[in-house]
>>> print(open('my_file-v7.txt').read())   # compact mmCIF, C-alpha atoms
# COMPACT_ATOMS: atom_id res chain seq x y z
CA MET X 153 0.00 0.00 0.00
CA LEU X 154 1.36 3.40 -0.96
CA ALA X 155 0.35 6.65 0.71
CA ILE X 156 1.53 9.85 -0.97
CA ASP X 157 0.55 13.17 0.58
CA TYR X 158 1.68 16.36 2.27
CA GLY X 159 2.80 15.60 5.78
CA PHE X 160 5.51 15.18 8.35
CA PRO X 161 6.91 12.68 10.82
CA ARG X 162 5.56 13.40 14.32
CA ALA X 163 8.60 15.43 15.44
CA GLU X 164 8.07 17.88 12.58
CA TYR X 165 4.27 17.75 12.64
CA TYR X 166 4.06 19.02 16.23
CA ARG X 167 6.75 21.71 16.03
CA PRO X 168 5.93 24.91 17.98
CA GLU X 169 5.42 26.96 14.82
CA ARG X 170 2.50 24.71 13.85
CA THR X 171 0.35 25.46 16.91
CA SER X 172 -2.49 26.61 14.65
CA GLY X 173 -2.57 23.24 12.86
CA THR X 174 -2.00 22.30 9.24
CA LEU X 175 -5.46 22.96 7.76
CA SER X 176 -5.20 24.98 4.54
CA ALA X 177 -7.84 26.28 2.16
CA TYR X 178 -7.43 26.93 -1.57
CA ALA X 179 -9.61 28.32 -4.34
CA GLY X 180 -8.43 28.99 -7.86
CA HIS X 181 -4.90 27.86 -6.93
CA ARG X 182 -4.73 30.60 -4.31
CA ARG X 183 -4.63 30.21 -0.56
CA GLU X 184 -7.77 31.39 1.25
CA ALA X 185 -7.65 32.88 4.76
CA ASP X 186 -11.07 31.57 5.88
CA PRO X 187 -11.70 27.89 5.11
CA LEU X 188 -15.43 28.31 5.82
CA ALA X 189 -15.96 31.45 3.72
CA ARG X 190 -17.50 29.69 0.70
CA PRO X 191 -18.49 26.08 1.42
CA GLY X 192 -18.27 23.91 -1.68
CA GLU X 193 -16.08 26.43 -3.52
CA ILE X 194 -12.93 26.09 -1.43
CA ASP X 195 -10.71 23.00 -1.31
CA LEU X 196 -9.54 22.01 2.16
CA THR X 197 -6.37 20.11 2.89
CA ALA X 198 -4.41 19.13 5.98
CA HIS X 199 -1.02 17.53 6.41
CA VAL X 200 -0.70 13.91 7.52
CA ASP X 201 1.04 12.81 10.73
CA PHE X 202 2.94 9.94 9.10
CA THR X 203 4.24 8.57 12.41
CA THR X 204 0.70 8.03 13.72
CA LEU X 205 -0.29 6.47 10.38
CA VAL X 206 2.61 3.99 10.70
CA GLU X 207 1.75 3.14 14.31
CA THR X 208 -1.89 2.49 13.41
CA ALA X 209 -1.01 0.44 10.34
CA THR X 210 1.54 -1.73 12.18
CA ASP X 211 -0.98 -2.27 14.99
CA HIS X 212 -3.21 -3.79 12.30
CA GLY X 213 -0.60 -6.13 10.80
CA LEU X 214 1.03 -4.04 8.08
CA ASN X 215 4.80 -3.76 7.86
CA LEU X 216 6.61 -0.51 7.15
CA ALA X 217 8.36 -0.99 3.80
CA GLY X 218 9.62 2.55 3.15
CA PHE X 219 9.28 6.26 3.79
CA THR X 220 10.84 9.17 1.91
CA ASP X 221 10.04 12.42 0.18
CA GLN X 222 8.65 12.55 -3.36
CA HIS X 223 12.00 13.66 -4.81
CA HIS X 224 13.94 10.65 -3.53
CA PHE X 225 11.08 8.26 -4.30
CA MET X 226 10.70 9.35 -7.92
CA VAL X 227 14.45 9.48 -8.56
CA GLY X 228 14.69 5.93 -7.19
CA LEU X 229 11.93 4.79 -9.54
CA SER X 230 13.52 6.58 -12.48
CA GLN X 231 16.67 4.51 -12.05
CA LEU X 232 14.72 1.49 -13.26
CA HIS X 233 13.29 3.10 -16.35
CA PHE X 234 15.78 5.69 -17.54
CA HIS X 235 19.25 5.13 -16.15
CA ASP X 236 19.53 1.40 -16.83
CA ASN X 237 18.38 1.82 -20.44
CA ALA X 238 21.36 1.74 -22.82
CA ALA X 239 19.21 2.83 -25.80
CA MET X 240 18.38 6.36 -24.54
CA THR X 241 17.09 8.74 -27.17
CA VAL X 242 17.24 12.54 -27.28
CA GLN X 243 13.54 12.61 -26.44
CA THR X 244 14.13 10.44 -23.37
CA GLU X 245 16.94 12.72 -22.19
CA GLN X 246 14.58 15.69 -22.53
CA GLU X 247 11.97 13.81 -20.53
CA ILE X 248 14.56 13.19 -17.81
CA ARG X 249 15.36 16.92 -17.60
CA ALA X 250 11.64 17.75 -17.34
CA PHE X 251 11.21 15.07 -14.67
CA LYS X 252 14.10 16.41 -12.60
CA THR X 253 12.70 19.94 -12.82
CA LEU X 254 9.32 18.73 -11.55
CA MET X 255 10.90 16.75 -8.71
CA HIS X 256 13.33 19.50 -7.65
CA PRO X 257 13.89 19.28 -3.87
CA ASP X 258 13.41 23.04 -3.41
CA LEU X 259 9.97 22.93 -5.03
CA MET X 260 7.41 20.11 -4.65
CA GLY X 261 10.05 17.39 -4.39
CA ARG X 262 10.24 17.48 -0.60
CA SER X 263 6.72 18.70 0.20
CA PHE X 264 5.07 15.39 -0.61
CA LYS X 265 6.06 12.27 1.29
CA THR X 266 5.74 8.65 0.17
CA LEU X 267 5.00 5.89 2.67
CA CYS X 268 4.77 2.21 1.82
CA PHE X 269 3.36 -0.76 3.75
CA ALA X 270 3.59 -4.44 2.91
CA ILE X 271 1.94 -7.64 4.08
CA GLY X 272 3.51 -11.04 3.50
CA VAL X 273 6.34 -9.70 1.35
CA ARG X 274 9.82 -10.91 2.22
CA ASP X 275 11.86 -8.58 0.01
CA THR X 276 10.77 -5.02 0.65
CA SER X 277 13.76 -3.39 -1.09
CA LEU X 278 11.61 -1.30 -3.40
CA ALA X 279 13.25 0.86 -6.08
CA GLY X 280 11.41 4.00 -5.00
CA PHE X 281 13.13 3.86 -1.62
CA HIS X 282 16.64 3.21 -2.97
CA PHE X 283 17.83 6.73 -1.98
CA ALA X 284 15.74 7.01 1.19
CA SER X 285 17.13 7.22 4.68
CA HIS X 286 16.12 4.53 7.16
CA ALA X 287 12.30 4.78 7.41
CA ALA X 288 11.94 4.10 11.13
CA GLN X 289 14.66 6.62 12.01
CA ALA X 290 12.99 9.29 9.87
CA LEU X 291 9.57 8.64 11.40
CA PHE X 292 10.42 8.05 15.05
CA ALA X 293 13.37 10.40 15.62
>>> encode(input="my_file-v7.txt", output="structure tokens")
Amino acid sequence: MLAIDYGFPRAEYYRPERTSGTLSAYAGHRREADPLARPGEIDLTAHVDFTTLVETATDHGLNLAGFTDQHHFMVGLSQLHFHDNAAMTVQTEQEIRAFKTLMHPDLMGRSFKTLCFAIGVRDTSLAGFHFASHAAQALFA
């Protein structure tokens, strides 16, 4: 099972600067100050506490198989498709540059996190987590 969303490990989620919570409201790709101003016209979002998600999932028999940011996850996956392919074309190289721009760590690359659970899988060395730090250390530090 993969979970990909905005969020933080518990230590970051409950930092003092987040005392007002993580609820955000957007309309027309712009942030709205009042999430209740126009019901049905404003999208609401909140960050995930990934540590609590892991604790709940493991309490119900799932095994933590990986955790990282979107940048590291997607670069790990790209290794399978792009970097091991000896027959790269100019178009593929252009696609790689576009991909790297989209996954840039200073933009959306580190805002989204990727969490993976497994049940009954012996080898959980998944390509998307190839460049990830140790999941449990990142989540329970």
>>> atom_distance(input="my_file-v7.txt", atom1="CA of Phe160 (chain X)", atom2="CA of Val273 (chain X)")
25.9 Å
>>> atom_distance(input="my_file-v7.txt", atom1="CA of Ala293 (chain X)", atom2="CA of Arg262 (chain X)")
18.0 Å
>>> closest_residue(input="my_file-v7.txt", among="X:His223, X:Arg249, X:His199, X:Arg183", to="Glu164 (chain X)", atoms="only C-alpha atoms")
X:His199
>>> residues_around(input="my_file-v7.txt", residues="Pro187 (chain X)", least_positions_apart="2", cutoff="12 Å", atoms="all atoms listed in the file", output="list of chain:residue names")
X:Thr174, X:Leu175, X:Ser176, X:Ala177, X:Tyr178, X:Ala179, X:Arg183, X:Glu184, X:Ala185, X:Ala189, X:Arg190, X:Pro191, X:Gly192, X:Glu193, X:Ile194, X:Asp195, X:Leu196, X:Thr197, X:Ala198
>>> atom_distance(input="my_file-v7.txt", atom1="CA of Phe281 (chain X)", atom2="CA of Phe264 (chain X)")
14.1 Å
>>> residues_near_point(input="my_file-v7.txt", point="(2.2, 1.8, 14.0)", cutoff="12 Å", atoms="all atoms listed in the file", output="list in words")
Asp201, Phe202, Thr203, Thr204, Leu205, Val206, Glu207, Thr208, Ala209, Thr210, Asp211, His212, Gly213, Leu214, Asn215, Leu216, Phe269, Ala288, Leu291 and Phe292 of chain X
>>> write_last_selection(input="my_file-v7.txt", atoms="C-alpha atoms", output="PDB file, in the coordinates of the input")
ATOM      1  CA  ASP X 201       1.040  12.810  10.730  1.00  0.00           C
ATOM      2  CA  PHE X 202       2.940   9.940   9.100  1.00  0.00           C
ATOM      3  CA  THR X 203       4.240   8.570  12.410  1.00  0.00           C
ATOM      4  CA  THR X 204       0.700   8.030  13.720  1.00  0.00           C
ATOM      5  CA  LEU X 205      -0.290   6.470  10.380  1.00  0.00           C
ATOM      6  CA  VAL X 206       2.610   3.990  10.700  1.00  0.00           C
ATOM      7  CA  GLU X 207       1.750   3.140  14.310  1.00  0.00           C
ATOM      8  CA  THR X 208      -1.890   2.490  13.410  1.00  0.00           C
ATOM      9  CA  ALA X 209      -1.010   0.440  10.340  1.00  0.00           C
ATOM     10  CA  THR X 210       1.540  -1.730  12.180  1.00  0.00           C
ATOM     11  CA  ASP X 211      -0.980  -2.270  14.990  1.00  0.00           C
ATOM     12  CA  HIS X 212      -3.210  -3.790  12.300  1.00  0.00           C
ATOM     13  CA  GLY X 213      -0.600  -6.130  10.800  1.00  0.00           C
ATOM     14  CA  LEU X 214       1.030  -4.040   8.080  1.00  0.00           C
ATOM     15  CA  ASN X 215       4.800  -3.760   7.860  1.00  0.00           C
ATOM     16  CA  LEU X 216       6.610  -0.510   7.150  1.00  0.00           C
ATOM     17  CA  PHE X 269       3.360  -0.760   3.750  1.00  0.00           C
ATOM     18  CA  ALA X 288      11.940   4.100  11.130  1.00  0.00           C
ATOM     19  CA  LEU X 291       9.570   8.640  11.400  1.00  0.00           C
ATOM     20  CA  PHE X 292      10.420   8.050  15.050  1.00  0.00           C
TER      21      PHE X 292
END
>>> decode(input="my_file-v7.txt", residues="region 253-267 of chain X", atoms="all heavy atoms", output="short mmCIF file (atom, residue, chain, number, x, y, z; two decimals), in the first residue's frame")
data_model
loop_
_atom_site.label_atom_id
_atom_site.label_comp_id
_atom_site.auth_asym_id
_atom_site.auth_seq_id
_atom_site.Cartn_x
_atom_site.Cartn_y
_atom_site.Cartn_z
N THR X 253 13.21 18.60 -13.15
CA THR X 253 12.70 19.94 -12.82
C THR X 253 11.45 19.82 -11.96
O THR X 253 11.31 20.52 -10.96
CB THR X 253 12.38 20.72 -14.11
OG1 THR X 253 13.59 20.86 -14.86
CG2 THR X 253 11.82 22.09 -13.80
N LEU X 254 10.56 18.93 -12.31
CA LEU X 254 9.32 18.73 -11.55
C LEU X 254 9.60 18.21 -10.15
O LEU X 254 8.91 18.57 -9.19
CB LEU X 254 8.40 17.75 -12.28
CG LEU X 254 7.07 17.42 -11.63
CD1 LEU X 254 6.21 18.66 -11.51
CD2 LEU X 254 6.35 16.35 -12.42
N MET X 255 10.60 17.39 -9.99
CA MET X 255 10.90 16.75 -8.71
C MET X 255 11.93 17.53 -7.89
O MET X 255 12.41 17.05 -6.88
CB MET X 255 11.44 15.33 -8.93
CG MET X 255 10.42 14.39 -9.51
SD MET X 255 9.04 14.18 -8.39
CE MET X 255 7.71 14.74 -9.41
N HIS X 256 12.27 18.73 -8.32
CA HIS X 256 13.33 19.50 -7.65
C HIS X 256 13.08 19.59 -6.14
O HIS X 256 11.99 19.92 -5.70
CB HIS X 256 13.41 20.90 -8.25
CG HIS X 256 14.66 21.61 -7.88
ND1 HIS X 256 14.84 22.21 -6.65
CD2 HIS X 256 15.82 21.79 -8.57
CE1 HIS X 256 16.05 22.73 -6.60
NE2 HIS X 256 16.66 22.51 -7.75
N PRO X 257 14.08 19.30 -5.33
CA PRO X 257 13.89 19.28 -3.87
C PRO X 257 13.50 20.63 -3.27
O PRO X 257 12.91 20.67 -2.20
CB PRO X 257 15.24 18.82 -3.32
CG PRO X 257 16.17 18.72 -4.46
CD PRO X 257 15.41 18.87 -5.72
N ASP X 258 13.79 21.73 -3.94
CA ASP X 258 13.41 23.04 -3.41
C ASP X 258 11.99 23.44 -3.79
O ASP X 258 11.50 24.47 -3.34
CB ASP X 258 14.38 24.12 -3.89
CG ASP X 258 15.76 23.96 -3.25
OD1 ASP X 258 15.83 23.37 -2.15
OD2 ASP X 258 16.74 24.42 -3.85
N LEU X 259 11.35 22.65 -4.64
CA LEU X 259 9.97 22.93 -5.03
C LEU X 259 9.06 21.88 -4.40
O LEU X 259 9.03 21.75 -3.20
CB LEU X 259 9.86 22.98 -6.56
CG LEU X 259 10.78 24.02 -7.23
CD1 LEU X 259 10.78 23.87 -8.73
CD2 LEU X 259 10.39 25.42 -6.82
N MET X 260 8.34 21.11 -5.19
CA MET X 260 7.41 20.11 -4.65
C MET X 260 8.10 18.81 -4.26
O MET X 260 7.51 17.97 -3.59
CB MET X 260 6.32 19.80 -5.68
CG MET X 260 5.44 20.99 -6.01
SD MET X 260 4.64 21.72 -4.57
CE MET X 260 3.53 20.41 -4.12
N GLY X 261 9.35 18.65 -4.62
CA GLY X 261 10.05 17.39 -4.39
C GLY X 261 10.13 16.94 -2.95
O GLY X 261 10.15 15.75 -2.67
N ARG X 262 10.15 17.87 -2.01
CA ARG X 262 10.24 17.48 -0.60
C ARG X 262 8.96 17.76 0.17
O ARG X 262 8.85 17.41 1.33
CB ARG X 262 11.42 18.18 0.06
CG ARG X 262 12.71 17.78 -0.61
CD ARG X 262 13.79 17.52 0.33
NE ARG X 262 14.97 17.14 -0.45
CZ ARG X 262 16.15 17.06 0.05
NH1 ARG X 262 16.34 17.32 1.31
NH2 ARG X 262 17.15 16.70 -0.68
N SER X 263 7.99 18.40 -0.47
CA SER X 263 6.72 18.70 0.20
C SER X 263 5.86 17.45 0.36
O SER X 263 5.22 17.26 1.39
CB SER X 263 5.94 19.76 -0.59
OG SER X 263 6.65 20.96 -0.63
N PHE X 264 5.83 16.63 -0.67
CA PHE X 264 5.07 15.39 -0.61
C PHE X 264 5.95 14.30 -0.04
O PHE X 264 7.14 14.25 -0.32
CB PHE X 264 4.60 14.95 -2.00
CG PHE X 264 3.40 15.68 -2.50
CD1 PHE X 264 3.53 16.80 -3.28
CD2 PHE X 264 2.13 15.23 -2.18
CE1 PHE X 264 2.41 17.48 -3.75
CE2 PHE X 264 1.00 15.88 -2.64
CZ PHE X 264 1.15 17.02 -3.43
N LYS X 265 5.35 13.42 0.75
CA LYS X 265 6.06 12.27 1.29
C LYS X 265 5.42 11.00 0.74
O LYS X 265 4.22 10.97 0.41
CB LYS X 265 5.98 12.24 2.82
CG LYS X 265 6.49 13.49 3.51
CD LYS X 265 7.97 13.70 3.33
CE LYS X 265 8.52 14.84 4.14
NZ LYS X 265 8.11 16.15 3.73
N THR X 266 6.21 9.95 0.64
CA THR X 266 5.74 8.65 0.17
C THR X 266 5.99 7.62 1.26
O THR X 266 7.11 7.50 1.76
CB THR X 266 6.47 8.24 -1.12
OG1 THR X 266 6.30 9.27 -2.09
CG2 THR X 266 5.94 6.93 -1.66
N LEU X 267 4.94 6.90 1.61
CA LEU X 267 5.00 5.89 2.67
C LEU X 267 4.49 4.59 2.08
O LEU X 267 3.50 4.58 1.35
CB LEU X 267 4.10 6.35 3.83
CG LEU X 267 3.93 5.44 5.02
CD1 LEU X 267 5.24 5.30 5.78
CD2 LEU X 267 2.87 6.01 5.94
#
